[in-house]
Amino acid sequence: MARAAESANPGDTAWMLVSSALVLIMMPGLALFYAGMVRSKNVLSTSMHTFAALGIIGVQWVVIGYSLAFGGEGTFIGGFGNMFLSGITPDSVTGTIPTYVFVMFQGMFAIITPALISGAVAGRMKFSSYCIFIVLWATLVYDPLAHWVWGDGGWLLEMGALDFAGGTVVHLSSGLSALLVAIFLGKRHGFPHERMAPHNLPMTLLGAGLLWFGWFGFNAGSALAAGGSAALAFTTTQTAAAAGALSWMLVEWRLTGKPSALGAASGIVAGLVVITPAAGFVLPGWALVMGLMAGAVCYGGVMLKHKLGYDDSLDAFGVHGVGGAFGAVVTGIFATVGATSLITGDLHQLWIQIVGVLAAGAYAAIVTFALLWILKKTIGLRVTRDEEVMGLDQTLHSESGYDF
């Protein structure tokens, strides 16, 4: 992290306030993206997964999350010195922005990461279990990983791992954890024989558009200043997202005979996920290559569920887990801006990226497995068969998404 200036820069502060708001709008975008893909009887319950994270992790971050991630200089964890944001005042500065702005910007990342996991649980997880799981997961998985990669003294940061905006911290950790949750829950009743088509693809496309829009704050905001690095990240984000959509459509068109709207939306997100760790480290030309690769790689990641038989309802692992790992590794191949990589003759950087992926993935998997095992043995994870068949909107929330 840049050494703090004596006072905040107004331009940087304005940009980071906007970036924080852009990341926040990704939450309703994610809710729409996921909700459109489920059956109509689960549209509200699926949306609630994201909005519950806004409330639960929004509180957790202020109480303890920020302190664990950024409140100290430990090797593996921050500390408890900034619980309830103690020790921070309106005059506190982080880099060239007020520390309060930095706290809120990073808090948006903390909120959306566990919400991404909900794509694997749609239609069959107890809401109470989900709420308990995400607050524990954020505290025990996300906060330590954020410190490893971005916090002062974090061991992956000290090693030199490159993760501009969260390829390992956000996407790999949530995607891999989503796979474990899907396995623990088991398949939806009727999967894969019963037709479970998305009930509202225009809703999913709208959600994808909001995610794309908000991702400019996610990636370009991670420069933590309004300057050339943010401009580069903005450009690579746009380029990779477009290339991911094109690539997915072409692959699907070639293999199935028709390009789908769901495929285009998934390709957009795939391109965004893969460029996230590299956004400020690669030139636009390499971002184009990464986006084109992202569509094909994540399409293959989604197809894994049909070959291996697990039920990742909304492809959280196929897009975020596979895409996050792939993006982090290829950052070590294509990074040339403020960093070196394989194409500049630095094989060691590629090795560091692989170590980061393996370490973050293993840690997230082990802790997630433990959390799920404990919850399954105590309060249970899955709703009853009757509740699932009736739909979780009615059985868990006493509401209906559509009342015509």
# chains A, B, ... in the order shown; residues from 1 in each chain; ligands from 1
$ residues_around --residues "region 121-138 of chain A" --least-positions-apart "6" --cutoff "8 Å" --atoms "only C-alpha atoms" --output "JSON, numbers by chain"
{"A": [38, 42, 45, 46, 49, 52, 53, 56, 57, 60, 65, 110, 114, 115, 178, 181, 182, 185, 188, 312, 313, 314, 367, 368, 371, 372, 375, 379, 380, 381, 382, 383, 388, 391, 392, 396]}
$ residues_around --residues "region 144-151 of chain A" --least-positions-apart "5" --cutoff "8 Å" --atoms "only C-alpha atoms" --output "PDB file with N, CA, C and O atoms, in the first residue's frame"
ATOM      1  N   MET A   1       0.839  -1.199   0.000  1.00  0.00           N
ATOM      2  CA  MET A   1       0.000   0.000   0.000  1.00  0.00           C
ATOM      3  C   MET A   1       0.873   1.247   0.000  1.00  0.00           C
ATOM      4  O   MET A   1       1.906   1.296   0.649  1.00  0.00           O
ATOM      5  N   LEU A  68      -9.429  -7.235  10.923  1.00  0.00           N
ATOM      6  CA  LEU A  68      -8.724  -8.483  10.644  1.00  0.00           C
ATOM      7  C   LEU A  68      -7.970  -8.419   9.325  1.00  0.00           C
ATOM      8  O   LEU A  68      -6.880  -8.989   9.188  1.00  0.00           O
ATOM      9  N   ALA A  69      -8.535  -7.736   8.344  1.00  0.00           N
ATOM     10  CA  ALA A  69      -7.914  -7.683   7.025  1.00  0.00           C
ATOM     11  C   ALA A  69      -6.818  -6.623   6.926  1.00  0.00           C
ATOM     12  O   ALA A  69      -5.761  -6.867   6.332  1.00  0.00           O
ATOM     13  N   PHE A  70      -7.050  -5.451   7.517  1.00  0.00           N
ATOM     14  CA  PHE A  70      -6.141  -4.327   7.307  1.00  0.00           C
ATOM     15  C   PHE A  70      -5.699  -3.646   8.595  1.00  0.00           C
ATOM     16  O   PHE A  70      -5.004  -2.625   8.533  1.00  0.00           O
ATOM     17  N   GLY A  72      -3.540  -4.345  10.979  1.00  0.00           N
ATOM     18  CA  GLY A  72      -2.259  -4.682  11.592  1.00  0.00           C
ATOM     19  C   GLY A  72      -1.279  -5.139  10.534  1.00  0.00           C
ATOM     20  O   GLY A  72      -1.566  -5.113   9.341  1.00  0.00           O
ATOM     21  N   GLU A  73      -0.115  -5.581  10.971  1.00  0.00           N
ATOM     22  CA  GLU A  73       0.942  -5.960  10.048  1.00  0.00           C
ATOM     23  C   GLU A  73       1.390  -7.402  10.249  1.00  0.00           C
ATOM     24  O   GLU A  73       2.547  -7.748  10.021  1.00  0.00           O
ATOM     25  N   THR A  75       1.675 -11.526   9.619  1.00  0.00           N
ATOM     26  CA  THR A  75       1.945 -12.311   8.416  1.00  0.00           C
ATOM     27  C   THR A  75       0.672 -12.923   7.853  1.00  0.00           C
ATOM     28  O   THR A  75       0.475 -12.952   6.630  1.00  0.00           O
ATOM     29  N   PHE A  76      -0.213 -13.384   8.737  1.00  0.00           N
ATOM     30  CA  PHE A  76      -1.399 -14.104   8.305  1.00  0.00           C
ATOM     31  C   PHE A  76      -2.715 -13.399   8.601  1.00  0.00           C
ATOM     32  O   PHE A  76      -3.745 -13.727   8.030  1.00  0.00           O
ATOM     33  N   ILE A  77      -2.702 -12.440   9.511  1.00  0.00           N
ATOM     34  CA  ILE A  77      -3.939 -11.745   9.875  1.00  0.00           C
ATOM     35  C   ILE A  77      -3.588 -10.340  10.343  1.00  0.00           C
ATOM     36  O   ILE A  77      -2.452 -10.093  10.788  1.00  0.00           O
ATOM     37  N   GLY A  78      -4.551  -9.433  10.241  1.00  0.00           N
ATOM     38  CA  GLY A  78      -4.298  -8.058  10.655  1.00  0.00           C
ATOM     39  C   GLY A  78      -4.214  -7.925  12.160  1.00  0.00           C
ATOM     40  O   GLY A  78      -3.147  -7.984  12.759  1.00  0.00           O
ATOM     41  N   THR A 139     -15.394 -14.003   8.040  1.00  0.00           N
ATOM     42  CA  THR A 139     -14.450 -13.772   9.138  1.00  0.00           C
ATOM     43  C   THR A 139     -13.242 -14.693   9.068  1.00  0.00           C
ATOM     44  O   THR A 139     -12.105 -14.268   9.311  1.00  0.00           O
ATOM     45  N   LEU A 156       1.679 -13.306   1.209  1.00  0.00           N
ATOM     46  CA  LEU A 156       1.659 -13.349  -0.247  1.00  0.00           C
ATOM     47  C   LEU A 156       2.056 -12.001  -0.848  1.00  0.00           C
ATOM     48  O   LEU A 156       2.715 -11.939  -1.887  1.00  0.00           O
ATOM     49  N   LEU A 157       1.669 -10.923  -0.185  1.00  0.00           N
ATOM     50  CA  LEU A 157       2.105  -9.594  -0.627  1.00  0.00           C
ATOM     51  C   LEU A 157       3.617  -9.476  -0.535  1.00  0.00           C
ATOM     52  O   LEU A 157       4.279  -8.990  -1.466  1.00  0.00           O
ATOM     53  N   ALA A 161       3.178 -11.674  -4.817  1.00  0.00           N
ATOM     54  CA  ALA A 161       2.026 -12.144  -5.599  1.00  0.00           C
ATOM     55  C   ALA A 161       1.264 -10.959  -6.172  1.00  0.00           C
ATOM     56  O   ALA A 161       1.069  -9.945  -5.504  1.00  0.00           O
ATOM     57  N   ASP A 163      -2.179  -9.492  -7.487  1.00  0.00           N
ATOM     58  CA  ASP A 163      -3.640  -9.637  -7.511  1.00  0.00           C
ATOM     59  C   ASP A 163      -4.224  -8.237  -7.417  1.00  0.00           C
ATOM     60  O   ASP A 163      -4.499  -7.732  -6.339  1.00  0.00           O
ATOM     61  N   VAL A 169      -8.374 -13.527  -3.957  1.00  0.00           N
ATOM     62  CA  VAL A 169      -9.079 -13.136  -2.730  1.00  0.00           C
ATOM     63  C   VAL A 169     -10.587 -13.256  -2.894  1.00  0.00           C
ATOM     64  O   VAL A 169     -11.290 -13.752  -1.998  1.00  0.00           O
ATOM     65  N   ALA A 360      -4.162 -20.072  -1.433  1.00  0.00           N
ATOM     66  CA  ALA A 360      -5.481 -19.486  -1.183  1.00  0.00           C
ATOM     67  C   ALA A 360      -6.582 -20.519  -1.387  1.00  0.00           C
ATOM     68  O   ALA A 360      -7.531 -20.602  -0.604  1.00  0.00           O
TER      69      ALA A 360
END
$ atom_distance --atom1 "CA of Ser177 (chain A)" --atom2 "CA of Gly361 (chain A)"
8.7 Å
$ select_by_dssp --residues "region 265-396 of chain A" --states "alpha helix (DSSP H)" --output "MDAnalysis selection string"
chainID A and resid 265:275 284:308 316 322:334 347:378 385:390 392:396
$ residues_around --residues "His171 (chain A)" --least-positions-apart "3" --cutoff "7 Å" --atoms "only C-alpha atoms" --output "ChimeraX atom specification"
/A:166-168,174-175,273,320-321,324
$ residues_around --residues "region 234-242 of chain A" --least-positions-apart "6" --cutoff "10 Å" --atoms "only C-alpha atoms" --output "ChimeraX atom specification"
/A:212-213,215-221,223,228,264-265,267-276,278-295
$ atom_distance --atom1 "CA of Ser260 (chain A)" --atom2 "CA of Asp393 (chain A)"
27.5 Å
$ closest_residue --among "A:Lys41, A:Lys305, A:Arg385, A:His348" --to "Val319 (chain A)" --atoms "only C-alpha atoms"
A:Lys305
$ atom_distance --atom1 "CA of Gly36 (chain A)" --atom2 "CA of Pro259 (chain A)"
18.1 Å
$ residues_around --residues "Pro90 (chain A)" --least-positions-apart "2" --cutoff "12 Å" --atoms "only C-alpha atoms" --output "PDB file with C-alpha atoms, in the first residue's frame"
ATOM      1  CA  SER A   7      -3.769  15.039   3.527  1.00  0.00           C
ATOM      2  CA  ALA A   8      -6.231  13.439   1.149  1.00  0.00           C
ATOM      3  CA  LEU A  85     -13.250   1.277  13.181  1.00  0.00           C
ATOM      4  CA  SER A  86     -11.643   2.556  16.372  1.00  0.00           C
ATOM      5  CA  GLY A  87      -8.529   4.630  15.848  1.00  0.00           C
ATOM      6  CA  ILE A  88      -9.799   6.024  12.536  1.00  0.00           C
ATOM      7  CA  SER A  92      -6.967   9.621   8.811  1.00  0.00           C
ATOM      8  CA  VAL A  93      -5.438   9.024   5.392  1.00  0.00           C
ATOM      9  CA  THR A  94      -4.635   5.798   3.547  1.00  0.00           C
ATOM     10  CA  ILE A  97      -7.636   9.075   0.256  1.00  0.00           C
ATOM     11  CA  PRO A  98      -9.414   9.277   3.622  1.00  0.00           C
ATOM     12  CA  THR A  99      -9.182   5.991   5.470  1.00  0.00           C
ATOM     13  CA  TYR A 100     -12.970   5.918   5.814  1.00  0.00           C
ATOM     14  CA  VAL A 101     -13.222   5.831   2.008  1.00  0.00           C
ATOM     15  CA  PHE A 102     -10.687   3.004   1.853  1.00  0.00           C
ATOM     16  CA  VAL A 103     -12.660   1.101   4.504  1.00  0.00           C
TER      17      VAL A 103
END
$ closest_residue --among "A:Ile343, A:Val322, A:Ala208, A:Ala165" --to "Met26 (chain A)" --atoms "only C-alpha atoms"
A:Ala208
